[in-house]
>>> print(open('upload20.csv').read())   # CSV, C-alpha atoms
chain,number,residue,atom,x,y,z
A,1,MET,CA,60.5,51.9,-21.1
A,2,ASP,CA,58.2,54.9,-20.7
A,3,LEU,CA,55.0,54.3,-18.8
A,4,ASN,CA,51.9,56.5,-19.2
A,5,LEU,CA,50.7,56.5,-15.6
A,6,ASN,CA,47.6,58.5,-16.6
A,7,GLN,CA,46.4,55.8,-19.1
A,8,SER,CA,43.2,54.0,-18.2
A,9,PRO,CA,43.6,50.3,-17.2
A,10,MET,CA,42.9,47.8,-20.0
A,11,THR,CA,39.3,46.6,-20.3
A,12,ALA,CA,38.2,43.3,-21.9
A,13,VAL,CA,35.0,43.5,-23.9
A,14,ALA,CA,32.8,40.5,-24.1
A,15,MET,CA,32.1,40.4,-27.8
A,16,SER,CA,29.3,38.2,-29.0
A,17,GLY,CA,29.4,39.4,-32.6
A,18,GLY,CA,26.2,41.4,-32.2
A,19,VAL,CA,25.5,45.2,-32.4
A,20,ASP,CA,25.4,45.8,-28.7
A,21,SER,CA,28.7,44.4,-27.6
A,22,SER,CA,30.4,45.7,-30.8
A,23,ALA,CA,29.1,49.2,-29.9
A,24,VAL,CA,30.6,48.8,-26.4
A,25,ALA,CA,34.0,48.2,-28.0
A,26,ALA,CA,33.6,51.3,-30.2
A,27,ILE,CA,32.5,53.5,-27.3
A,28,LEU,CA,35.5,52.5,-25.1
A,29,LYS,CA,37.9,53.0,-28.0
A,30,GLU,CA,36.5,56.5,-28.5
A,31,ARG,CA,37.1,57.2,-24.8
A,32,GLY,CA,40.7,56.2,-25.2
A,33,VAL,CA,40.4,53.1,-23.0
A,34,PRO,CA,42.8,50.3,-24.0
A,35,VAL,CA,40.6,47.4,-25.0
A,36,VAL,CA,40.9,43.7,-25.9
A,37,GLY,CA,38.0,41.6,-27.3
A,38,LEU,CA,37.0,38.3,-25.8
A,39,THR,CA,34.5,36.0,-27.6
A,40,MET,CA,33.2,33.0,-25.8
A,41,GLN,CA,32.9,29.7,-27.7
A,42,LEU,CA,30.0,28.1,-25.8
A,43,TRP,CA,28.4,25.5,-28.0
A,44,ASN,CA,29.5,23.5,-31.0
A,45,GLN,CA,27.0,24.4,-33.6
A,46,ARG,CA,27.8,21.3,-35.6
A,47,ARG,CA,26.4,19.1,-32.9
A,48,LEU,CA,22.9,17.7,-33.3
A,49,PRO,CA,22.7,18.4,-37.0
A,50,GLU,CA,19.2,16.8,-37.1
A,51,LEU,CA,17.8,19.9,-35.4
A,52,ASP,CA,18.7,21.9,-38.5
A,53,ARG,CA,17.1,19.7,-41.1
A,54,ASP,CA,14.2,22.2,-41.5
A,55,GLY,CA,16.8,24.7,-42.6
A,56,ALA,CA,15.8,27.3,-40.1
A,57,ARG,CA,18.4,28.3,-37.5
A,58,GLY,CA,16.7,31.6,-36.8
A,59,GLN,CA,18.6,34.5,-35.2
A,60,ARG,CA,20.5,33.0,-32.2
A,61,CYS,CA,23.7,34.2,-30.5
A,62,CYS,CA,27.1,32.6,-30.2
A,63,SER,CA,27.2,30.9,-33.6
A,64,LEU,CA,30.4,30.4,-35.6
A,65,ASP,CA,29.2,33.4,-37.8
A,66,ASP,CA,29.0,35.5,-34.6
A,67,VAL,CA,32.6,34.6,-33.7
A,68,TYR,CA,33.6,35.7,-37.2
A,69,ASP,CA,31.7,38.9,-36.9
A,70,ALA,CA,33.3,39.7,-33.6
A,71,LYS,CA,36.7,39.2,-35.1
A,72,ARG,CA,35.8,41.5,-38.0
A,73,VAL,CA,34.7,44.2,-35.6
A,74,ALA,CA,37.9,43.9,-33.6
A,75,GLN,CA,40.0,44.2,-36.8
A,76,HIS,CA,37.9,47.2,-37.9
A,77,LEU,CA,38.6,48.9,-34.5
A,78,GLY,CA,42.3,47.9,-34.5
A,79,MET,CA,42.1,46.0,-31.2
A,80,PRO,CA,43.3,42.6,-30.1
A,81,HIS,CA,40.8,39.8,-30.1
A,82,TYR,CA,40.8,36.3,-28.6
A,83,VAL,CA,38.3,33.4,-28.7
A,84,VAL,CA,38.0,31.5,-25.4
A,85,ASN,CA,36.6,28.0,-25.3
A,86,TYR,CA,34.1,27.6,-22.5
A,87,GLU,CA,32.2,24.7,-24.1
A,88,ARG,CA,32.7,22.2,-21.3
A,89,ARG,CA,31.7,24.6,-18.6
A,90,PHE,CA,28.7,25.8,-20.6
A,91,GLU,CA,27.5,22.3,-21.1
A,92,GLU,CA,28.0,21.3,-17.4
A,93,THR,CA,26.4,24.5,-15.9
A,94,VAL,CA,23.8,25.5,-18.5
A,95,VAL,CA,22.9,22.8,-21.0
A,96,GLN,CA,22.7,19.8,-18.7
A,97,PRO,CA,20.8,21.7,-15.9
A,98,PHE,CA,18.4,23.0,-18.7
A,99,VAL,CA,17.6,19.5,-19.7
A,100,GLU,CA,17.3,18.2,-16.2
A,101,GLU,CA,15.0,21.0,-15.2
A,102,TYR,CA,12.6,20.4,-18.1
A,103,LEU,CA,12.5,16.7,-17.4
A,104,SER,CA,11.7,17.5,-13.8
A,105,GLY,CA,8.7,19.6,-14.7
A,106,ARG,CA,10.3,23.0,-14.2
A,107,THR,CA,10.8,25.8,-16.8
A,108,PRO,CA,14.5,27.0,-16.6
A,109,VAL,CA,16.0,30.4,-17.7
A,110,PRO,CA,19.2,29.4,-19.5
A,111,CYS,CA,20.3,33.1,-20.1
A,112,THR,CA,20.4,33.7,-16.4
A,113,MET,CA,22.2,30.4,-15.8
A,114,CYS,CA,24.8,31.4,-18.3
A,115,ASN,CA,25.3,34.8,-16.7
A,116,ASN,CA,25.6,33.2,-13.3
A,117,HIS,CA,28.0,30.4,-14.2
A,118,VAL,CA,29.9,31.4,-17.4
A,119,LYS,CA,29.8,35.1,-18.4
A,120,PHE,CA,31.0,36.7,-15.2
A,121,ASP,CA,32.9,34.2,-13.2
A,122,PRO,CA,35.4,32.5,-15.6
A,123,LEU,CA,35.3,35.4,-18.0
A,124,LEU,CA,36.5,37.8,-15.3
A,125,ALA,CA,39.3,35.3,-14.4
A,126,THR,CA,40.3,35.2,-18.1
A,127,THR,CA,40.2,39.0,-18.1
A,128,ARG,CA,42.9,39.1,-15.4
A,129,GLN,CA,44.9,36.4,-17.1
A,130,ILE,CA,45.3,38.6,-20.3
A,131,GLY,CA,46.3,41.6,-18.3
A,132,ALA,CA,43.0,43.5,-18.2
A,133,GLU,CA,41.5,45.0,-15.0
A,134,ARG,CA,37.9,45.4,-16.0
A,135,LEU,CA,35.2,43.6,-18.1
A,136,ALA,CA,32.6,45.5,-20.2
A,137,THR,CA,29.6,43.8,-21.7
A,138,GLY,CA,26.6,44.8,-23.9
A,139,HIS,CA,24.0,44.3,-21.2
A,140,TYR,CA,21.4,47.0,-20.8
A,141,ALA,CA,21.8,47.6,-17.1
A,142,ARG,CA,23.6,49.9,-14.7
A,143,ILE,CA,26.0,49.5,-11.8
A,144,GLN,CA,26.6,52.1,-9.1
A,145,ARG,CA,28.3,52.1,-5.7
A,146,ASN,CA,26.2,53.1,-2.8
A,147,GLU,CA,28.4,55.4,-0.8
A,148,ILE,CA,26.3,54.8,2.4
A,149,THR,CA,26.4,51.0,2.4
A,150,GLY,CA,29.6,50.6,0.5
A,151,ARG,CA,27.9,48.0,-1.7
A,152,PHE,CA,27.7,47.9,-5.4
A,153,GLU,CA,24.1,48.1,-6.7
A,154,LEU,CA,22.5,46.8,-9.9
A,155,LEU,CA,20.0,49.3,-11.5
A,156,ARG,CA,17.6,49.0,-14.3
A,157,ALA,CA,18.6,50.3,-17.7
A,158,ALA,CA,17.5,53.8,-18.7
A,159,ASP,CA,15.6,52.2,-21.6
A,160,ASN,CA,13.1,50.0,-19.7
A,161,SER,CA,12.1,48.2,-22.9
A,162,LYS,CA,15.7,46.8,-23.2
A,163,ASP,CA,16.4,46.3,-19.5
A,164,GLN,CA,18.2,43.0,-18.8
A,165,THR,CA,18.5,43.1,-15.0
A,166,TYR,CA,16.1,40.2,-14.7
A,167,PHE,CA,18.8,38.0,-16.1
A,168,LEU,CA,21.6,39.5,-13.9
A,169,PHE,CA,20.3,38.9,-10.3
A,170,GLY,CA,23.1,36.4,-9.7
A,171,LEU,CA,25.9,39.0,-9.8
A,172,LYS,CA,28.2,39.1,-6.8
A,173,GLN,CA,29.8,42.2,-5.3
A,174,GLY,CA,33.3,41.2,-6.5
A,175,GLN,CA,32.1,40.7,-10.0
A,176,MET,CA,30.2,44.1,-10.0
A,177,SER,CA,33.3,45.9,-8.8
A,178,ARG,CA,35.1,45.0,-12.0
A,179,THR,CA,32.3,45.1,-14.5
A,180,ASP,CA,31.0,48.0,-16.7
A,181,PHE,CA,27.7,48.2,-18.6
A,182,PRO,CA,28.4,51.1,-21.1
A,183,LEU,CA,24.9,50.8,-22.7
A,184,GLY,CA,23.0,51.2,-19.4
A,185,GLU,CA,22.2,54.9,-20.1
A,186,LEU,CA,21.4,54.4,-23.9
A,187,ASP,CA,18.4,53.1,-25.9
A,188,LYS,CA,18.7,50.8,-28.8
A,189,PRO,CA,18.4,53.5,-31.6
A,190,ALA,CA,21.3,55.4,-30.0
A,191,VAL,CA,23.4,52.2,-30.0
A,192,ARG,CA,22.5,51.6,-33.6
A,193,GLU,CA,23.6,55.1,-34.4
A,194,ILE,CA,26.9,54.6,-32.7
A,195,ALA,CA,27.5,51.4,-34.7
A,196,ARG,CA,26.7,53.2,-38.0
A,197,ARG,CA,28.8,56.3,-37.1
A,198,THR,CA,31.8,54.1,-36.3
A,199,ALA,CA,31.1,52.0,-39.5
A,200,LEU,CA,31.0,48.8,-37.6
A,201,PRO,CA,30.6,45.8,-40.0
A,202,VAL,CA,27.6,44.6,-37.9
A,203,ALA,CA,25.8,47.9,-37.7
A,204,GLU,CA,22.6,46.5,-39.5
A,205,LYS,CA,22.8,43.0,-38.0
A,206,PRO,CA,19.4,41.9,-36.6
A,207,GLU,CA,19.2,41.0,-32.9
A,208,SER,CA,19.4,37.4,-31.8
A,209,GLN,CA,16.0,36.0,-30.8
A,210,GLU,CA,16.6,32.4,-29.7
A,211,ILE,CA,18.6,30.4,-27.1
A,212,CYS,CA,22.0,29.8,-28.6
A,213,PHE,CA,21.9,26.0,-28.4
A,214,VAL,CA,18.2,25.5,-29.3
A,215,PRO,CA,17.4,26.0,-33.0
A,216,SER,CA,14.0,27.3,-33.7
A,217,GLY,CA,13.1,27.4,-30.0
A,218,ASN,CA,11.9,23.7,-30.0
A,219,TYR,CA,12.9,22.6,-26.5
A,220,VAL,CA,11.4,19.1,-26.8
A,221,LYS,CA,13.3,18.3,-30.0
A,222,PHE,CA,16.5,19.6,-28.5
A,223,ILE,CA,16.2,17.5,-25.4
A,224,GLY,CA,15.4,14.4,-27.4
A,225,ALA,CA,18.4,15.0,-29.7
A,226,TYR,CA,20.7,15.8,-26.8
A,227,LEU,CA,19.8,12.7,-24.9
A,228,GLY,CA,20.1,10.6,-28.0
A,229,GLU,CA,23.7,11.8,-28.5
A,230,ARG,CA,24.4,10.6,-25.0
A,231,GLY,CA,22.9,7.2,-25.7
A,232,GLU,CA,19.8,8.0,-23.7
A,233,SER,CA,16.2,8.2,-24.7
A,234,LEU,CA,13.6,10.8,-24.0
A,235,PRO,CA,11.4,9.5,-21.2
A,236,GLU,CA,8.0,9.4,-22.9
A,237,GLU,CA,6.3,8.9,-19.5
A,238,GLU,CA,2.6,9.3,-20.3
A,239,GLY,CA,0.4,10.0,-17.3
A,240,GLU,CA,-3.0,11.4,-16.3
A,241,LEU,CA,-4.3,14.8,-17.2
A,242,VAL,CA,-6.4,15.9,-14.3
A,243,THR,CA,-8.5,18.9,-13.2
A,244,THR,CA,-7.8,20.8,-10.0
A,245,SER,CA,-10.6,18.7,-8.4
A,246,GLY,CA,-8.8,15.5,-9.3
A,247,GLU,CA,-11.0,14.4,-12.2
A,248,VAL,CA,-9.1,12.5,-14.9
A,249,ILE,CA,-10.0,14.0,-18.3
A,250,GLY,CA,-7.2,12.6,-20.5
A,251,ARG,CA,-3.6,11.6,-20.9
A,252,HIS,CA,-0.4,13.7,-21.2
A,253,LYS,CA,2.6,12.9,-23.4
A,254,GLY,CA,5.3,13.5,-20.7
A,255,LEU,CA,5.8,16.4,-18.3
A,256,HIS,CA,8.6,18.0,-20.5
A,257,HIS,CA,6.0,18.8,-23.1
A,258,TYR,CA,4.2,21.3,-20.8
A,259,THR,CA,4.8,24.4,-18.8
A,260,VAL,CA,2.6,26.3,-16.2
A,261,GLY,CA,0.2,28.6,-18.0
A,262,GLN,CA,0.2,26.6,-21.3
A,263,ARG,CA,-3.2,26.5,-23.1
A,264,LYS,CA,-2.5,24.9,-26.5
A,265,GLY,CA,-1.6,21.3,-27.1
A,266,LEU,CA,-3.4,19.8,-24.2
A,267,GLY,CA,-5.2,17.3,-26.4
A,268,VAL,CA,-8.6,17.6,-24.7
A,269,ALA,CA,-11.8,19.4,-25.6
A,270,THR,CA,-14.0,20.5,-22.7
A,271,GLY,CA,-15.9,23.4,-24.2
A,272,ARG,CA,-13.9,26.0,-22.2
A,273,PRO,CA,-10.3,27.1,-22.1
A,274,LEU,CA,-8.0,25.0,-19.9
A,275,TYR,CA,-4.6,25.9,-18.7
A,276,VAL,CA,-1.7,24.0,-17.2
A,277,ILE,CA,-1.9,24.8,-13.4
A,278,GLU,CA,0.8,22.4,-12.1
A,279,LEU,CA,3.2,19.7,-13.2
A,280,ASP,CA,3.0,17.0,-10.5
A,281,ARG,CA,6.3,15.1,-10.8
A,282,ALA,CA,5.6,12.8,-7.8
A,283,MET,CA,2.3,11.6,-9.4
A,284,ASN,CA,3.4,12.1,-13.0
A,285,ARG,CA,0.3,14.3,-13.5
A,286,VAL,CA,-0.5,17.4,-15.5
A,287,VAL,CA,-3.0,19.4,-13.5
A,288,VAL,CA,-5.3,21.7,-15.6
A,289,GLY,CA,-7.9,24.3,-14.7
A,290,ASP,CA,-9.4,27.7,-15.4
A,291,ASP,CA,-7.5,30.9,-15.8
A,292,ALA,CA,-8.5,31.8,-12.2
A,293,ASP,CA,-6.7,28.7,-10.9
A,294,LEU,CA,-3.4,30.1,-12.3
A,295,ARG,CA,-3.5,33.0,-9.9
A,296,THR,CA,-1.8,32.8,-6.5
A,297,THR,CA,-0.3,35.1,-4.0
A,298,VAL,CA,2.5,33.1,-2.4
A,299,CYS,CA,5.7,31.4,-3.7
A,300,GLU,CA,9.0,30.4,-2.3
A,301,ILE,CA,12.4,31.1,-3.9
A,302,ARG,CA,15.6,29.2,-3.5
A,303,ASP,CA,19.3,29.9,-4.1
A,304,VAL,CA,18.7,33.5,-3.4
A,305,ASN,CA,21.4,36.1,-4.1
A,306,TRP,CA,21.0,39.5,-2.4
A,307,ILE,CA,22.8,42.4,-4.0
A,308,SER,CA,21.8,45.5,-2.1
A,309,PHE,CA,22.4,43.9,1.3
A,310,ALA,CA,24.3,40.9,2.5
A,311,ALA,CA,21.3,39.0,3.9
A,312,LEU,CA,17.6,39.4,4.3
A,313,GLU,CA,17.1,39.5,8.1
A,314,GLU,CA,13.5,40.9,8.3
A,315,PRO,CA,10.6,41.3,5.9
A,316,VAL,CA,11.0,43.9,3.2
A,317,ARG,CA,8.6,45.5,0.7
A,318,ALA,CA,9.6,45.2,-3.0
A,319,ALA,CA,8.2,44.9,-6.5
A,320,ILE,CA,8.8,41.3,-7.9
A,321,LYS,CA,9.2,40.2,-11.5
A,322,ILE,CA,8.4,36.5,-12.1
A,323,ARG,CA,9.2,36.6,-15.8
A,324,HIS,CA,11.3,38.8,-18.0
A,325,ARG,CA,8.2,40.6,-19.5
A,326,HIS,CA,6.2,40.5,-16.3
A,327,GLU,CA,5.2,43.9,-14.8
A,328,PRO,CA,6.7,44.0,-11.4
A,329,ALA,CA,4.1,43.4,-8.7
A,330,ALA,CA,4.0,44.7,-5.1
A,331,ALA,CA,4.9,42.1,-2.5
A,332,THR,CA,6.5,41.4,0.9
A,333,ILE,CA,9.6,39.2,1.0
A,334,GLU,CA,10.1,37.2,4.2
A,335,PRO,CA,13.3,35.3,5.0
A,336,ILE,CA,13.1,31.6,5.5
A,337,ASP,CA,16.8,30.9,5.8
A,338,GLU,CA,20.0,32.2,4.4
A,339,ASN,CA,19.3,30.6,1.0
A,340,SER,CA,15.6,30.9,0.6
A,341,ALA,CA,12.7,33.4,1.1
A,342,ARG,CA,8.9,33.6,0.8
A,343,VAL,CA,7.2,36.1,-1.5
A,344,ILE,CA,3.7,37.3,-0.6
A,345,PHE,CA,2.1,39.3,-3.3
A,346,ASP,CA,-0.5,42.0,-2.6
A,347,GLU,CA,-2.6,40.7,-5.5
A,348,PRO,CA,-2.7,37.2,-7.1
A,349,GLN,CA,-0.2,36.8,-9.9
A,350,ARG,CA,-0.8,34.6,-13.0
A,351,ALA,CA,1.3,31.5,-13.7
A,352,ILE,CA,4.0,31.6,-11.1
A,353,THR,CA,6.2,29.0,-12.7
A,354,PRO,CA,8.7,26.7,-10.9
A,355,GLY,CA,12.2,27.1,-12.4
A,356,GLN,CA,11.7,30.7,-13.5
A,357,ALA,CA,13.4,33.5,-11.6
A,358,ALA,CA,11.8,35.9,-9.1
A,359,VAL,CA,13.7,39.2,-9.1
A,360,CYS,CA,13.1,41.8,-6.4
A,361,TYR,CA,13.2,45.6,-7.1
A,362,SER,CA,13.0,48.7,-5.0
A,363,GLY,CA,12.4,51.4,-7.6
A,364,GLU,CA,15.3,51.1,-10.1
A,365,VAL,CA,17.5,49.1,-7.8
A,366,VAL,CA,17.6,45.3,-7.9
A,367,LEU,CA,17.6,44.0,-4.3
A,368,GLY,CA,18.4,40.4,-5.5
A,369,GLY,CA,16.5,37.4,-6.7
A,370,GLY,CA,16.2,33.6,-6.6
A,371,TRP,CA,14.6,30.6,-8.4
A,372,ILE,CA,11.0,29.8,-7.9
A,373,LYS,CA,10.6,26.5,-6.1
>>> encode(input="upload20.csv", output="structure tokens")
Amino acid sequence: MDLNLNQSPMTAVAMSGGVDSSAVAAILKERGVPVVGLTMQLWNQRRLPELDRDGARGQRCCSLDDVYDAKRVAQHLGMPHYVVNYERRFEETVVQPFVEEYLSGRTPVPCTMCNNHVKFDPLLATTRQIGAERLATGHYARIQRNEITGRFELLRAADNSKDQTYFLFGLKQGQMSRTDFPLGELDKPAVREIARRTALPVAEKPESQEICFVPSGNYVKFIGAYLGERGESLPEEEGELVTTSGEVIGRHKGLHHYTVGQRKGLGVATGRPLYVIELDRAMNRVVVGDDADLRTTVCEIRDVNWISFAALEEPVRAAIKIRHRHEPAAATIEPIDENSARVIFDEPQRAITPGQAAVCYSGEVVLGGGWIK
């Protein structure tokens, strides 16, 4: 058998059925890279049908239609395509923690949890099992190797409006060494043009806007239906609605109905805007106050993953994002121990929310990140 020793190693493309990952497959095919498509089956869309009674599923990723679209794209490009079932792992590492976090008064980031526990760990293992050496995804981010430190670095996408590095802070060195982000240097219009030029069947498909397992973005309805399926009931633990001074001004419906920074739906009228300042799980209280009460300069982060260096051994300066759409704010990061750190902002930040991620940047480079305690 003749072997082409100059041929590029096979790359698996994580195909969600959307425009971005489909364009990745087309780009690699044009470069002459041998490719195979992998589509993850993460959530059984037939579960919890009561959530779809309003007839509005919205635009969410990882549906059965998306699996079909991925297969159509693979056929169009003449490449092998496989569907891999990660439903159990997804439920154990993303869905269940999502529910538990909300019931505990925190606000989780399921897309980051999915990246950390599903998309890059087992998918890279599957990549090797099918004979591919590398994994390419449709994320808007960049990876480069620092020749001085020898470490792989995660960089913002060239198109800042599409940058997804906030959701990727959990990447490990071994994962980055085998991962490619071909869209990192492109903007969305350029990706659309590639899809049209290569006549991809999904070239005009709209972007997904919602969490794949939560129809219409109603977290409370999802949590209630999910617990009901398991024979459990939603803990409607009413409690006190109090001001920052401790004055009781009303009752809340259960901590899972609220998130830090929320203004609407508090059920009280005081003549001035009130916001959720804190969810006190120990006392089962929702603490409310003025907008100024939302602003603070210090938070701690746990389960930290450092990318640009192996460990944080002394304070460093960085710009910190505390939400995906948050403008990075100047801060000093101090080590607490190997798994946690303290963030001290130069200026008070609004609504630092437990359960969200704090991601640390030095210019375009992601230093690392962790979960806000």
>>> residues_around(input="upload20.csv", residues="A:Val248", least_positions_apart="2", cutoff="12 Å", atoms="only C-alpha atoms", output="list in words")
Gly239, Glu240, Leu241, Val242, Thr243, Thr244, Ser245, Gly246, Gly250, Arg251, His252, Val268, Arg285, Val286, Val287, Val288 and Gly289 of chain A
>>> closest_residue(input="upload20.csv", among="A:Ile211, A:Ala310, A:Leu51, A:Ala195", to="A:Met113", atoms="all atoms listed in the file")
A:Ile211
>>> residues_near_point(input="upload20.csv", point="(26.3, 29.8, -31.5)", cutoff="9 Å", atoms="all atoms listed in the file", output="PyMOL selection string")
chain A and resi 41-45+60-67+211-213
>>> residues_near_point(input="upload20.csv", point="(-4.2, 32.0, -12.0)", cutoff="9 Å", atoms="only C-alpha atoms", output="list in words")
Gly261, Ile277, Gly289, Asp290, Asp291, Ala292, Asp293, Leu294, Arg295, Thr296, Pro348, Gln349, Arg350, Ala351 and Ile352 of chain A
>>> closest_residue(input="upload20.csv", among="A:Glu133, A:Asp163, A:Glu300, A:Glu236", to="A:Ala12", atoms="all atoms listed in the file")
A:Glu133
>>> residues_around(input="upload20.csv", residues="A:Met10", least_positions_apart="2", cutoff="7 Å", atoms="only C-alpha atoms", output="PyMOL selection string")
chain A and resi 8+12+33-35+132-134
>>> atom_distance(input="upload20.csv", atom1="atom CA of A:Ala141", atom2="atom CA of A:Leu124")
17.8 Å
>>> residues_around(input="upload20.csv", residues="A:Ala269", least_positions_apart="3", cutoff="10 Å", atoms="all atoms listed in the file", output="short mmCIF file (atom, residue, chain, number, x, y, z; two decimals) with C-alpha atoms, keeping the file's coordinate frame")
data_model
loop_
_atom_site.label_atom_id
_atom_site.label_comp_id
_atom_site.auth_asym_id
_atom_site.auth_seq_id
_atom_site.Cartn_x
_atom_site.Cartn_y
_atom_site.Cartn_z
CA ILE A 249 -10.00 14.00 -18.30
CA GLY A 250 -7.20 12.60 -20.50
CA LEU A 266 -3.40 19.80 -24.20
CA ARG A 272 -13.90 26.00 -22.20
CA PRO A 273 -10.30 27.10 -22.10
CA LEU A 274 -8.00 25.00 -19.90
#
>>> residues_around(input="upload20.csv", residues="stretch 340-342 of chain A", least_positions_apart="5", cutoff="6 Å", atoms="all atoms listed in the file", output="ChimeraX atom specification")
/A:299-302,304,333-335
>>> closest_residue(input="upload20.csv", among="A:Val24, A:Val95, A:Val298, A:Ala136", to="A:Tyr219", atoms="only C-alpha atoms")
A:Val95
>>> closest_residue(input="upload20.csv", among="A:Glu347, A:Glu338, A:Glu92, A:Asp121", to="A:Glu313", atoms="all atoms listed in the file")
A:Glu338
>>> closest_residue(input="upload20.csv", among="A:Glu229, A:Thr179, A:Phe167, A:Val260", to="A:Glu153", atoms="all atoms listed in the file")
A:Thr179
>>> atom_distance(input="upload20.csv", atom1="atom CA of A:Ile320", atom2="atom CA of A:Gly170")
15.2 Å
>>> closest_residue(input="upload20.csv", among="A:Thr137, A:Thr93, A:Thr112, A:Ser104", to="A:Gly18", atoms="all atoms listed in the file")
A:Thr137
>>> atom_distance(input="upload20.csv", atom1="atom CA of A:Ile322", atom2="atom CA of A:Thr353")
7.8 Å
>>> residues_around(input="upload20.csv", residues="A:Ala23", least_positions_apart="5", cutoff="9 Å", atoms="only C-alpha atoms", output="MDAnalysis selection string")
chainID A and resid 18 28 138 183 191:192 194:195 198 200 203
